[in-house]
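Report on the structure given below.
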Amino acid sequence: MAKQYETVIGLEVHVELSTKTKIFCGCAATFGEEPNTHTCPVCTGMPGALPVLNKKVVEYAMKLGIAANCQINRYSRFDRKNYFYPDNPQNYQISQLYLPICHDGWLDIETASGNKKIRIHEMHMEEDAGKLIHDEWEDCSLVDYNRSGVPLIEIVSEPDMRTAEEVIAYLEKLKMICQYLGVSDCKLQEGSMRADVNLSVREVGSETMGTRTEMKNLNSFKAITHAIEGERARQIELLEEGRQVIQETRRWDDNKESSYSMRSKEDAKDYRYFPDPDLMPVVISEGWIEDIKKQQPEFAPEKAKRFQQEYGLPQYDASILTQSRRMADIFEETAGLCGQPKKVSNWMMGETMRILKEKGMDPEELSFTPSHLADLILALERKEINQQGAKQVFEQIMENDVEPISYMKEKGLMMVSDDGAISRAVEEVMAENPETVEDYRGGKEKVLGFLVGQVMKKMKGKADPGKVNALLREKL
Amino acid sequence: MEEILHMSALELGKSIREGKISVSEAAESCLEQIRRKEPDISAFLFVDEDGLKQRVKEVEEGIRQGRYTSPLAGVPVAVKDNICTRGMKTTCASRMLENFVPQYDAEAVKRLEEAGMIIVGKTNMDEFAMGSTSETSYFQTTKNPWNTKHVPGGSSGGSCAAVSAGEVWMALGSDTGGSIRQPASYCGVTGLKPTYGRVSRYGLIAYASSLDQIGPIGGNVKDCAAFYDVIAGKDEKDASSSPVPVETAVWKEKEDLTGVRIGIPREYLGEGTDPQVKQAIEKAAALMEEHGAFVEWFSLKMTEYVIPAYYIIACAEASSNLERFDGVKYGYRSADVQELHEMYKKSRQEGFGEEVKRRILLGSFVLSSGYYDAYYLKALKTKALIKHELDMAFQKYDCILAPASPSAAPELGTSLKDPLKMYLSDIDTVAVNLAGLPAICLPCGMDSQGLPIGMQLIGDCFQEKKILETAAVYEKLRGSFPVSWKEEM
Amino acid sequence: MSRKIDDATMDNVEILAKLALSDEERERAREEMEKILSYVEKINELDTDRTEPLVHILESGNVFREDEVTNGSGKEESLANAPRKKDGQYMVPKTV
């Protein structure tokens, strides 16, 4: 019988912080600008320039550490990680090795096979590198340091994951926490969340770890899933052939859907970490930790519970709505404005999710004004618009954040509430269909539906079918 | 003109403020002396004659308008070439930075300019401040103004030689393991290495970040104190700069040394020390004792470990600090390189001199996997012991009196042949850097060859005022020290 | 006597230091390094079991800056000394 293998996975996740400035200088940490505009002597590694730590970065690291049940080091320090590469202007990265800011935490994840605790080995602060692009014309590379020095938190897990599903669940959880804290937007595609996968295989039942490889450049959950499957297969094949897995870093090629070794002769992998003499230690008092704890937001599980209690939402609704802080906030504000929590929930879970999915957007990107949805729901309630019209208006709210009432008026979507107009339409229809009217009066009640339809048609759908129905019956 | 050159910097500043001497007269006499002395001394890598005219006008106006009120406003100074000057080449005396023009000023430069001082030019040094003779400069060899067959010391050899030769009243130097004090001693001038964190390192091209410190060099103690006042103090751009308020160096002049406790460490005057140096120090001690000081010999047993700890730490930091010189953003790039790592290796190979490469290799080795604990970590622990021993000493003494070098200036060309021997000659100066202490070096004698001998007064952290006061009293007791260039006039 | 710095170690150090030493230079550097290392090993005489490594001389911790943008575009200055540049970027031999 073939041997059974178990995959052992640990993750190193880099999260780019949404601070205004870089970690060690006053350059803006925003993107999409012309190359090298957000640069200064510090983040381009000019001789004599010195780093000064952004306090916000420490606070964000503490927030994330506390949220992930970590211990906070009362005394933490920065170390230099030395390696030559052009995206790294000093040729050393300022990071934390010996005394990272947070250690020994965990996150609970939920997968189809149940709940699981994934331990976190440590979290540390460090600086991001610049960007390299290949210039085909000159066959060279070009360096842009706009991203150099943007703050990162690296979250190192223990090798506690066994499947791609667990990995995705862990990343989703981490992402959700970061978004709740507002420390990062965590977009894999845009690189504000990056996951390096450490993977090894071993025979089921074995206690010892196999040799692991590290996989880099994974830009989507799909890539992560494929890379895990591919690397598992590659390692098993090597072992089955009686060969060895080499401890190395491999780079994932999204186009080829395969990885390749990044080893080179010049890549000594000896980073010579040592304490950075330019930066003073970070000393964290109990009081500071307490302050941060007080500022921690209500996270998804508590919020979901509260939504059930406070708004009477079903458990399912509450858990979906709280997957994103943005979504939960919009729900809560809208519900407060219109007083119809279940209706708001239905809009959020139905139309909102549908449109997000259609556009490939993250719930965190929701940007409409809650009062607009509230007004729409109230208009529906007042029967000023029908369901179909409301959906049309909501699409516009999602797209352009339109004010629903004026939009409805402008586009002629308002229902006719004037009884006189409906009466006139009823009378017209009755006059135009004398035979059907007779059929009804003769006991064929089924034909009422046809007459209602004719009236609605005359009203161009802008009448309440209930009212039409009642008026028809009255006149018949 | 000559009269101006013989003034102290403070006297010159006063005369300028009183309108007796114009800023342009001061600058012109300085340039004239440079023209006269440079062919023999080669202290300067660059003299900014053109920029100077503009700056002189600006400062004259600034003084008139009351914008510059410093006692040193209008005084020309030189700056060591590892301190960044905006728009003015800053080379570290290395081929690597031969054409590097910083786009920013070092904080110390900014402060001296805000005080209305005038930068005349940039001075020669050991390449990246690595050396004890200024002979590792890629560009030129600076000579000792007292005897041009001898070295000026290093690494701030250019700054000290320039002051010694009367080319300039004051200069900025930097001191990582004695680089202000040892050349000050060899050149017969006065130099102050402030407490670590006292002067911003922003814009000082780092050699060993935990040890580097910028300091003033001048003709006497008071000039140095006034210059120190200009550049010292907290800088937001340097996280290692201290928030402890600067005690102004303007003090009430003391007549004697009553109540001052001075310790002389035996180990600093042991076997390896030239007997003439020992005599000079003893003579200075006797003079101070005569005038009220309590003088006592004591022991610093850690002294034999200071060189090992220093070189491990300094080289380790240097190997990392100098990684940024890679041919990408600035500096030398080897021509015709095809491959990335080839570019790194060739650019650095051709851009750095032998001593710099040796220290980078050593530093890379002591930090490398398998050696970190045995060398680097052990050196940091040794540093802790050295610091502790000195802390203990300062419970007993206000100042430690020691030589700045075991001998007077050696002859040119004799030091680089044996690097270890050269390293060992730093024995008197490196403990101060490891412990972050302030120390002043001032002349206290002459050897039989007519070369100056200097003495250090070392203080506890942030006790600059104490050592400056003590040094000033000694200086007065000693009487005026000869000037290297006087007889030629 | 086996050397303190064997060939493999010397190769590694050269890679870490990113230097392309000539054979002659390499040998001289190795000899000097061995001499210096033998000397600095003197610190092994010290008992440091109960000594904490001293990284920072000054006690001050928590030196921060506030998260406020203080720098404008630094493009011109950043590229002013670049040995080779193109389209506002530093040009280097290709990295992939």
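Note on naming: chains are A, B, ... as they come in the structure tokens, residues start from 1 per chain, ligands start from 1 in the order shown.
Close contacts of B:Leu257, defined as residues with an atom at most 9 Å away when counting only C-alpha atoms, with chain neighbours fewer than 5 positions off set aside, comprise Met288, Glu289, Glu290, His291, Gly292, Ala293, Phe294, Thr470, Val473 and Tyr474 of chain B.
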Give me a file of those residues, with all heavy atoms, as a short mmCIF file (atom, residue, chain, number, x, y, z; two decimals), in the first residue's frame.
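Result file is selection08.cif:
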```cif
data_model
loop_
_atom_site.label_atom_id
_atom_site.label_comp_id
_atom_site.auth_asym_id
_atom_site.auth_seq_id
_atom_site.Cartn_x
_atom_site.Cartn_y
_atom_site.Cartn_z
N MET B 288 49.07 69.94 38.12
CA MET B 288 47.68 70.05 38.57
C MET B 288 47.58 69.81 40.08
O MET B 288 46.80 70.45 40.78
CB MET B 288 46.79 69.08 37.79
CG MET B 288 46.63 69.52 36.34
SD MET B 288 45.30 68.68 35.45
CE MET B 288 46.12 67.20 34.97
N GLU B 289 48.39 68.86 40.53
CA GLU B 289 48.40 68.55 41.96
C GLU B 289 48.86 69.77 42.76
O GLU B 289 48.27 70.14 43.77
CB GLU B 289 49.31 67.36 42.22
CG GLU B 289 49.07 66.69 43.56
CD GLU B 289 49.81 65.37 43.68
OE1 GLU B 289 50.75 65.13 42.88
OE2 GLU B 289 49.45 64.56 44.54
N GLU B 290 49.91 70.38 42.22
CA GLU B 290 50.46 71.58 42.84
C GLU B 290 49.41 72.67 43.01
O GLU B 290 49.44 73.47 43.94
CB GLU B 290 51.53 72.14 41.88
CG GLU B 290 52.84 72.52 42.49
CD GLU B 290 53.80 72.88 41.38
OE1 GLU B 290 53.82 74.07 40.98
OE2 GLU B 290 54.48 71.95 40.84
N HIS B 291 48.47 72.68 42.07
CA HIS B 291 47.44 73.72 42.10
C HIS B 291 46.11 73.22 42.60
O HIS B 291 45.05 73.63 42.14
CB HIS B 291 47.31 74.38 40.72
CG HIS B 291 48.50 75.23 40.41
ND1 HIS B 291 49.66 74.71 39.87
CD2 HIS B 291 48.73 76.56 40.61
CE1 HIS B 291 50.55 75.68 39.73
NE2 HIS B 291 50.01 76.81 40.17
N GLY B 292 46.17 72.30 43.52
CA GLY B 292 44.97 71.97 44.27
C GLY B 292 44.28 70.67 43.92
O GLY B 292 43.40 70.21 44.66
N ALA B 293 44.64 70.08 42.80
CA ALA B 293 43.95 68.84 42.43
C ALA B 293 44.39 67.69 43.31
O ALA B 293 45.52 67.65 43.80
CB ALA B 293 44.22 68.51 40.97
N PHE B 294 43.46 66.76 43.52
CA PHE B 294 43.80 65.52 44.20
C PHE B 294 44.13 64.53 43.09
O PHE B 294 43.30 64.23 42.23
CB PHE B 294 42.61 65.03 45.03
CG PHE B 294 42.75 63.62 45.50
CD1 PHE B 294 43.53 63.32 46.63
CD2 PHE B 294 42.12 62.57 44.84
CE1 PHE B 294 43.68 62.02 47.06
CE2 PHE B 294 42.26 61.26 45.27
CZ PHE B 294 43.04 60.98 46.39
N THR B 470 38.41 71.86 33.85
CA THR B 470 39.69 71.36 34.35
C THR B 470 40.79 71.60 33.32
O THR B 470 41.89 72.06 33.64
CB THR B 470 39.58 69.86 34.69
OG1 THR B 470 38.46 69.68 35.54
CG2 THR B 470 40.83 69.34 35.35
N VAL B 473 41.89 75.22 33.16
CA VAL B 473 42.79 75.62 34.24
C VAL B 473 44.20 75.09 33.96
O VAL B 473 45.19 75.81 34.06
CB VAL B 473 42.29 75.12 35.62
CG1 VAL B 473 43.30 75.49 36.70
CG2 VAL B 473 40.92 75.71 35.93
N TYR B 474 44.26 73.81 33.55
CA TYR B 474 45.57 73.24 33.25
C TYR B 474 46.27 74.05 32.16
O TYR B 474 47.45 74.40 32.26
CB TYR B 474 45.46 71.77 32.81
CG TYR B 474 46.74 71.30 32.17
CD1 TYR B 474 47.86 71.00 32.96
CD2 TYR B 474 46.88 71.25 30.79
CE1 TYR B 474 49.07 70.66 32.39
CE2 TYR B 474 48.09 70.90 30.21
CZ TYR B 474 49.19 70.61 31.01
OH TYR B 474 50.38 70.28 30.44
#
```
Stretch 36-92 of chain C near stretch 422-446 of chain B within 12 Å: what's each residue's closest atom pair and its distance in Å to one decimal, counting only C-alpha atoms, ordered by chain then ascending residue number, as a Markdown table?
```
| residue | atom | partner | partner_atom | distance |
| --- | --- | --- | --- | --- |
| C:Ile36 | CA | B:Tyr423 | CA | 9.1 |
| C:Tyr39 | CA | B:Leu424 | CA | 10.0 |
| C:Val40 | CA | B:Leu424 | CA | 10.7 |
| C:Leu54 | CA | B:Leu434 | CA | 9.7 |
| C:Val55 | CA | B:Leu434 | CA | 10.1 |
| C:His56 | CA | B:Gly436 | CA | 9.3 |
| C:Ile57 | CA | B:Gly436 | CA | 6.2 |
| C:Leu58 | CA | B:Gly436 | CA | 8.0 |
| C:Glu59 | CA | B:Gly436 | CA | 11.6 |
```
Next, write the just-selected residues to a file, as an mmCIF file, in the first residue's frame, keeping N, CA and C atoms as the atom set.
```
data_model
loop_
_atom_site.group_PDB
_atom_site.id
_atom_site.type_symbol
_atom_site.label_atom_id
_atom_site.label_comp_id
_atom_site.auth_asym_id
_atom_site.auth_seq_id
_atom_site.Cartn_x
_atom_site.Cartn_y
_atom_site.Cartn_z
ATOM 1 N N ILE C 36 44.775 39.122 13.381
ATOM 2 C CA ILE C 36 43.926 39.991 14.202
ATOM 3 C C ILE C 36 42.964 39.161 15.044
ATOM 4 N N TYR C 39 44.522 37.689 17.965
ATOM 5 C CA TYR C 39 44.727 38.672 19.022
ATOM 6 C C TYR C 39 43.431 38.980 19.763
ATOM 7 N N VAL C 40 42.343 39.230 19.015
ATOM 8 C CA VAL C 40 41.111 39.654 19.686
ATOM 9 C C VAL C 40 40.495 38.526 20.510
ATOM 10 N N LEU C 54 26.127 44.675 26.065
ATOM 11 C CA LEU C 54 25.757 46.090 26.110
ATOM 12 C C LEU C 54 25.640 46.625 24.687
ATOM 13 N N VAL C 55 24.410 46.901 24.276
ATOM 14 C CA VAL C 55 24.197 47.392 22.914
ATOM 15 C C VAL C 55 24.214 48.918 22.899
ATOM 16 N N HIS C 56 23.366 49.517 23.710
ATOM 17 C CA HIS C 56 23.260 50.974 23.718
ATOM 18 C C HIS C 56 23.872 51.542 24.994
ATOM 19 N N ILE C 57 24.736 52.516 24.813
ATOM 20 C CA ILE C 57 25.402 53.152 25.940
ATOM 21 C C ILE C 57 24.411 53.973 26.757
ATOM 22 N N LEU C 58 23.553 54.688 26.043
ATOM 23 C CA LEU C 58 22.603 55.542 26.744
ATOM 24 C C LEU C 58 21.343 54.746 27.041
ATOM 25 N N GLU C 59 20.727 55.070 28.143
ATOM 26 C CA GLU C 59 19.565 54.305 28.594
ATOM 27 C C GLU C 59 18.289 54.644 27.825
#
```
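Note that atom CA of B:Lys345 and atom CA of C:Ser22 are 11.5 Å apart.
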Next on the checklist: Within 8 Å of chain B, which residues belong to chain A? Use only C-alpha atoms and report them as a PyMOL selection string.
Outcome noted: chain A and resi 41+44-52+82+84+86+89-92+266+270-274+277-280
Write out the residues from the selection above, keeping C-alpha atoms, as a short mmCIF file (atom, residue, chain, number, x, y, z; two decimals), in the first residue's frame.
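Once written, out_5.cif looks like this:
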```
data_model
loop_
_atom_site.label_atom_id
_atom_site.label_comp_id
_atom_site.auth_asym_id
_atom_site.auth_seq_id
_atom_site.Cartn_x
_atom_site.Cartn_y
_atom_site.Cartn_z
CA PRO A 41 17.94 60.45 2.30
CA THR A 44 17.09 55.77 -0.23
CA GLY A 45 19.98 54.78 2.04
CA MET A 46 22.01 57.97 1.60
CA PRO A 47 25.29 58.09 3.54
CA GLY A 48 24.82 59.66 6.96
CA ALA A 49 21.02 59.39 6.98
CA LEU A 50 19.47 57.92 10.13
CA PRO A 51 16.17 56.17 10.86
CA VAL A 52 13.70 57.43 13.47
CA ASN A 82 22.11 42.11 5.90
CA PHE A 84 22.55 42.74 -1.04
CA PRO A 86 18.90 46.62 -5.29
CA PRO A 89 18.85 50.71 -0.53
CA GLN A 90 21.00 50.13 2.57
CA ASN A 91 21.59 46.51 1.62
CA TYR A 92 20.30 45.69 5.05
CA GLU A 266 25.88 34.69 -4.41
CA ASP A 270 23.64 34.29 6.15
CA TYR A 271 21.95 37.51 7.15
CA ARG A 272 24.37 38.42 9.96
CA TYR A 273 21.59 39.86 12.09
CA PHE A 274 22.83 42.22 14.78
CA PRO A 277 22.84 50.80 16.76
CA ASP A 278 20.91 53.65 15.12
CA LEU A 279 17.61 52.81 16.81
CA MET A 280 16.82 52.90 20.49
#
```
Checklist entry - Near C:Arg26, counting only C-alpha atoms, which residues have an atom at most 9 Å away, once you skip same-chain residues fewer than 5 positions from it, shown as an MDAnalysis selection string? => result chainID C and resid 10 14 20:21 31
Next on the checklist: as a PyMOL selection string, could you give me every residue of chain C near chain A (at most 9 Å apart, counting only C-alpha atoms)?
Outcome noted: chain C and resi 12+15-16+18+55-56+58-79+85-96
Write out, as a short mmCIF file (atom, residue, chain, number, x, y, z; two decimals), in the first residue's frame, the residues just selected, with N, CA and C atoms.
```cif
data_model
loop_
_atom_site.label_atom_id
_atom_site.label_comp_id
_atom_site.auth_asym_id
_atom_site.auth_seq_id
_atom_site.Cartn_x
_atom_site.Cartn_y
_atom_site.Cartn_z
N ASN C 12 33.04 32.28 1.78
CA ASN C 12 31.78 32.77 2.33
C ASN C 12 31.89 34.23 2.75
N ILE C 15 31.80 36.52 -0.18
CA ILE C 15 30.45 36.67 -0.72
C ILE C 15 29.66 37.63 0.16
N LEU C 16 29.77 37.47 1.47
CA LEU C 16 29.03 38.34 2.39
C LEU C 16 29.49 39.79 2.25
N LYS C 18 30.79 41.12 -0.34
CA LYS C 18 30.63 41.52 -1.74
C LYS C 18 31.88 42.23 -2.25
N VAL C 55 24.41 46.90 24.28
CA VAL C 55 24.20 47.39 22.91
C VAL C 55 24.21 48.92 22.90
N HIS C 56 23.37 49.52 23.71
CA HIS C 56 23.26 50.97 23.72
C HIS C 56 23.87 51.54 24.99
N LEU C 58 23.55 54.69 26.04
CA LEU C 58 22.60 55.54 26.74
C LEU C 58 21.34 54.75 27.04
N GLU C 59 20.73 55.07 28.14
CA GLU C 59 19.57 54.30 28.59
C GLU C 59 18.29 54.64 27.83
N SER C 60 18.30 55.74 27.11
CA SER C 60 17.04 56.22 26.53
C SER C 60 16.40 55.22 25.59
N GLY C 61 15.12 54.95 25.81
CA GLY C 61 14.32 54.13 24.90
C GLY C 61 13.20 54.97 24.34
N ASN C 62 12.38 54.34 23.48
CA ASN C 62 11.19 55.00 22.95
C ASN C 62 11.47 56.37 22.34
N VAL C 63 12.38 56.38 21.38
CA VAL C 63 12.60 57.61 20.63
C VAL C 63 11.77 57.48 19.35
N PHE C 64 10.70 58.26 19.29
CA PHE C 64 9.77 58.12 18.18
C PHE C 64 9.60 59.42 17.40
N ARG C 65 9.05 59.26 16.20
CA ARG C 65 8.51 60.43 15.51
C ARG C 65 7.01 60.20 15.37
N GLU C 66 6.26 61.29 15.24
CA GLU C 66 4.83 61.16 15.03
C GLU C 66 4.57 60.79 13.58
N ASP C 67 3.42 60.20 13.34
CA ASP C 67 3.07 59.75 12.00
C ASP C 67 2.55 60.91 11.15
N GLU C 68 3.41 61.87 10.88
CA GLU C 68 3.03 63.03 10.09
C GLU C 68 3.97 63.16 8.90
N VAL C 69 3.39 63.44 7.74
CA VAL C 69 4.21 63.60 6.54
C VAL C 69 5.00 64.90 6.64
N THR C 70 6.32 64.79 6.57
CA THR C 70 7.16 65.99 6.64
C THR C 70 7.97 66.19 5.37
N ASN C 71 8.00 65.17 4.52
CA ASN C 71 8.82 65.27 3.32
C ASN C 71 7.97 65.41 2.06
N GLY C 72 8.38 66.30 1.19
CA GLY C 72 7.73 66.42 -0.12
C GLY C 72 8.44 65.51 -1.10
N SER C 73 8.30 65.80 -2.37
CA SER C 73 8.96 64.96 -3.38
C SER C 73 10.47 65.07 -3.27
N GLY C 74 11.11 63.92 -3.17
CA GLY C 74 12.56 63.92 -3.06
C GLY C 74 13.22 63.37 -4.29
N LYS C 75 12.44 63.32 -5.38
CA LYS C 75 12.92 62.62 -6.57
C LYS C 75 14.25 63.18 -7.11
N GLU C 76 14.29 64.48 -7.31
CA GLU C 76 15.50 65.08 -7.88
C GLU C 76 16.72 64.79 -7.02
N GLU C 77 16.57 65.07 -5.73
CA GLU C 77 17.68 64.88 -4.80
C GLU C 77 18.09 63.41 -4.73
N SER C 78 17.11 62.54 -4.69
CA SER C 78 17.43 61.12 -4.54
C SER C 78 18.23 60.60 -5.72
N LEU C 79 17.93 61.14 -6.90
CA LEU C 79 18.58 60.61 -8.11
C LEU C 79 19.81 61.41 -8.52
N LYS C 85 20.73 56.11 -14.50
CA LYS C 85 19.29 56.22 -14.21
C LYS C 85 18.51 56.27 -15.50
N LYS C 86 17.21 55.98 -15.38
CA LYS C 86 16.31 56.05 -16.54
C LYS C 86 14.89 56.26 -16.03
N ASP C 87 14.17 57.15 -16.67
CA ASP C 87 12.77 57.42 -16.32
C ASP C 87 12.58 57.63 -14.82
N GLY C 88 13.45 58.40 -14.22
CA GLY C 88 13.29 58.69 -12.79
C GLY C 88 13.54 57.50 -11.89
N GLN C 89 14.27 56.53 -12.39
CA GLN C 89 14.58 55.36 -11.57
C GLN C 89 16.07 55.02 -11.67
N TYR C 90 16.55 54.30 -10.69
CA TYR C 90 17.94 53.85 -10.71
C TYR C 90 18.05 52.65 -11.65
N MET C 91 19.09 52.65 -12.45
CA MET C 91 19.24 51.56 -13.41
C MET C 91 20.32 50.59 -12.93
N VAL C 92 19.96 49.33 -12.89
CA VAL C 92 20.91 48.29 -12.45
C VAL C 92 20.87 47.11 -13.42
N PRO C 93 21.92 46.28 -13.40
CA PRO C 93 21.85 45.07 -14.24
C PRO C 93 20.60 44.27 -13.88
N LYS C 94 20.09 43.56 -14.84
CA LYS C 94 18.79 42.92 -14.60
C LYS C 94 18.86 41.93 -13.44
N THR C 95 17.75 41.90 -12.71
CA THR C 95 17.73 41.11 -11.48
C THR C 95 17.04 39.76 -11.66
N VAL C 96 16.40 39.56 -12.83
CA VAL C 96 15.76 38.24 -13.03
C VAL C 96 16.25 37.59 -14.31
#
```
Checklist entry - Mind checking DSSP for stretch 224-431 of chain A and telling me the strand (DSSP E or B) residues as number ranges by chain? => result A: 249-253, 258-261, 274-275, 282-283
Prev. selection, N, CA, C and O atoms, output as a PDB file, in the first residue's frame:
```pdb
ATOM      1  N   THR A 249      14.507  28.362  -0.821  1.00  0.00           N
ATOM      2  CA  THR A 249      13.409  29.269  -1.100  1.00  0.00           C
ATOM      3  C   THR A 249      13.003  29.083  -2.549  1.00  0.00           C
ATOM      4  O   THR A 249      13.852  29.040  -3.436  1.00  0.00           O
ATOM      5  N   ARG A 250      11.741  28.933  -2.786  1.00  0.00           N
ATOM      6  CA  ARG A 250      11.248  28.750  -4.142  1.00  0.00           C
ATOM      7  C   ARG A 250      10.293  29.883  -4.483  1.00  0.00           C
ATOM      8  O   ARG A 250       9.577  30.391  -3.636  1.00  0.00           O
ATOM      9  N   ARG A 251      10.318  30.251  -5.735  1.00  0.00           N
ATOM     10  CA  ARG A 251       9.468  31.349  -6.162  1.00  0.00           C
ATOM     11  C   ARG A 251       8.330  30.805  -7.014  1.00  0.00           C
ATOM     12  O   ARG A 251       8.555  30.004  -7.919  1.00  0.00           O
ATOM     13  N   TRP A 252       7.127  31.235  -6.700  1.00  0.00           N
ATOM     14  CA  TRP A 252       5.957  30.779  -7.429  1.00  0.00           C
ATOM     15  C   TRP A 252       5.789  31.604  -8.695  1.00  0.00           C
ATOM     16  O   TRP A 252       5.874  32.835  -8.661  1.00  0.00           O
ATOM     17  N   ASP A 253       5.589  30.900  -9.804  1.00  0.00           N
ATOM     18  CA  ASP A 253       5.336  31.590 -11.071  1.00  0.00           C
ATOM     19  C   ASP A 253       3.861  31.414 -11.380  1.00  0.00           C
ATOM     20  O   ASP A 253       3.414  30.314 -11.722  1.00  0.00           O
ATOM     21  N   SER A 258       3.765  26.985 -11.396  1.00  0.00           N
ATOM     22  CA  SER A 258       4.751  26.099 -10.770  1.00  0.00           C
ATOM     23  C   SER A 258       5.814  26.951 -10.085  1.00  0.00           C
ATOM     24  O   SER A 258       5.877  28.164 -10.303  1.00  0.00           O
ATOM     25  N   SER A 259       6.633  26.325  -9.258  1.00  0.00           N
ATOM     26  CA  SER A 259       7.645  27.085  -8.525  1.00  0.00           C
ATOM     27  C   SER A 259       9.036  26.687  -9.015  1.00  0.00           C
ATOM     28  O   SER A 259       9.221  25.632  -9.599  1.00  0.00           O
ATOM     29  N   TYR A 260       9.986  27.567  -8.772  1.00  0.00           N
ATOM     30  CA  TYR A 260      11.359  27.229  -9.108  1.00  0.00           C
ATOM     31  C   TYR A 260      12.291  27.705  -8.000  1.00  0.00           C
ATOM     32  O   TYR A 260      11.967  28.632  -7.260  1.00  0.00           O
ATOM     33  N   SER A 261      13.441  27.064  -7.914  1.00  0.00           N
ATOM     34  CA  SER A 261      14.387  27.365  -6.851  1.00  0.00           C
ATOM     35  C   SER A 261      15.013  28.737  -7.049  1.00  0.00           C
ATOM     36  O   SER A 261      15.308  29.142  -8.166  1.00  0.00           O
ATOM     37  N   PHE A 274      22.267  41.664  13.545  1.00  0.00           N
ATOM     38  CA  PHE A 274      22.831  42.220  14.782  1.00  0.00           C
ATOM     39  C   PHE A 274      22.028  43.473  15.154  1.00  0.00           C
ATOM     40  O   PHE A 274      21.390  44.072  14.299  1.00  0.00           O
ATOM     41  N   PRO A 275      22.018  43.847  16.417  1.00  0.00           N
ATOM     42  CA  PRO A 275      21.186  44.971  16.864  1.00  0.00           C
ATOM     43  C   PRO A 275      21.536  46.255  16.120  1.00  0.00           C
ATOM     44  O   PRO A 275      22.717  46.590  15.995  1.00  0.00           O
ATOM     45  N   VAL A 282      12.561  49.738  22.146  1.00  0.00           N
ATOM     46  CA  VAL A 282      11.170  50.098  22.390  1.00  0.00           C
ATOM     47  C   VAL A 282      10.801  49.508  23.749  1.00  0.00           C
ATOM     48  O   VAL A 282      10.897  48.306  23.953  1.00  0.00           O
ATOM     49  N   VAL A 283      10.447  50.369  24.673  1.00  0.00           N
ATOM     50  CA  VAL A 283      10.133  49.912  26.026  1.00  0.00           C
ATOM     51  C   VAL A 283       8.639  50.109  26.250  1.00  0.00           C
ATOM     52  O   VAL A 283       8.127  51.228  26.152  1.00  0.00           O
TER      53      VAL A 283
END
```
Checklist entry - Among stretch 205-339 of chain B, which residues carry a DSSP assignment of helix (DSSP H, G or I), reported as a PyMOL selection string? => result chain B and resi 221-231+266-269+275-290+303-324
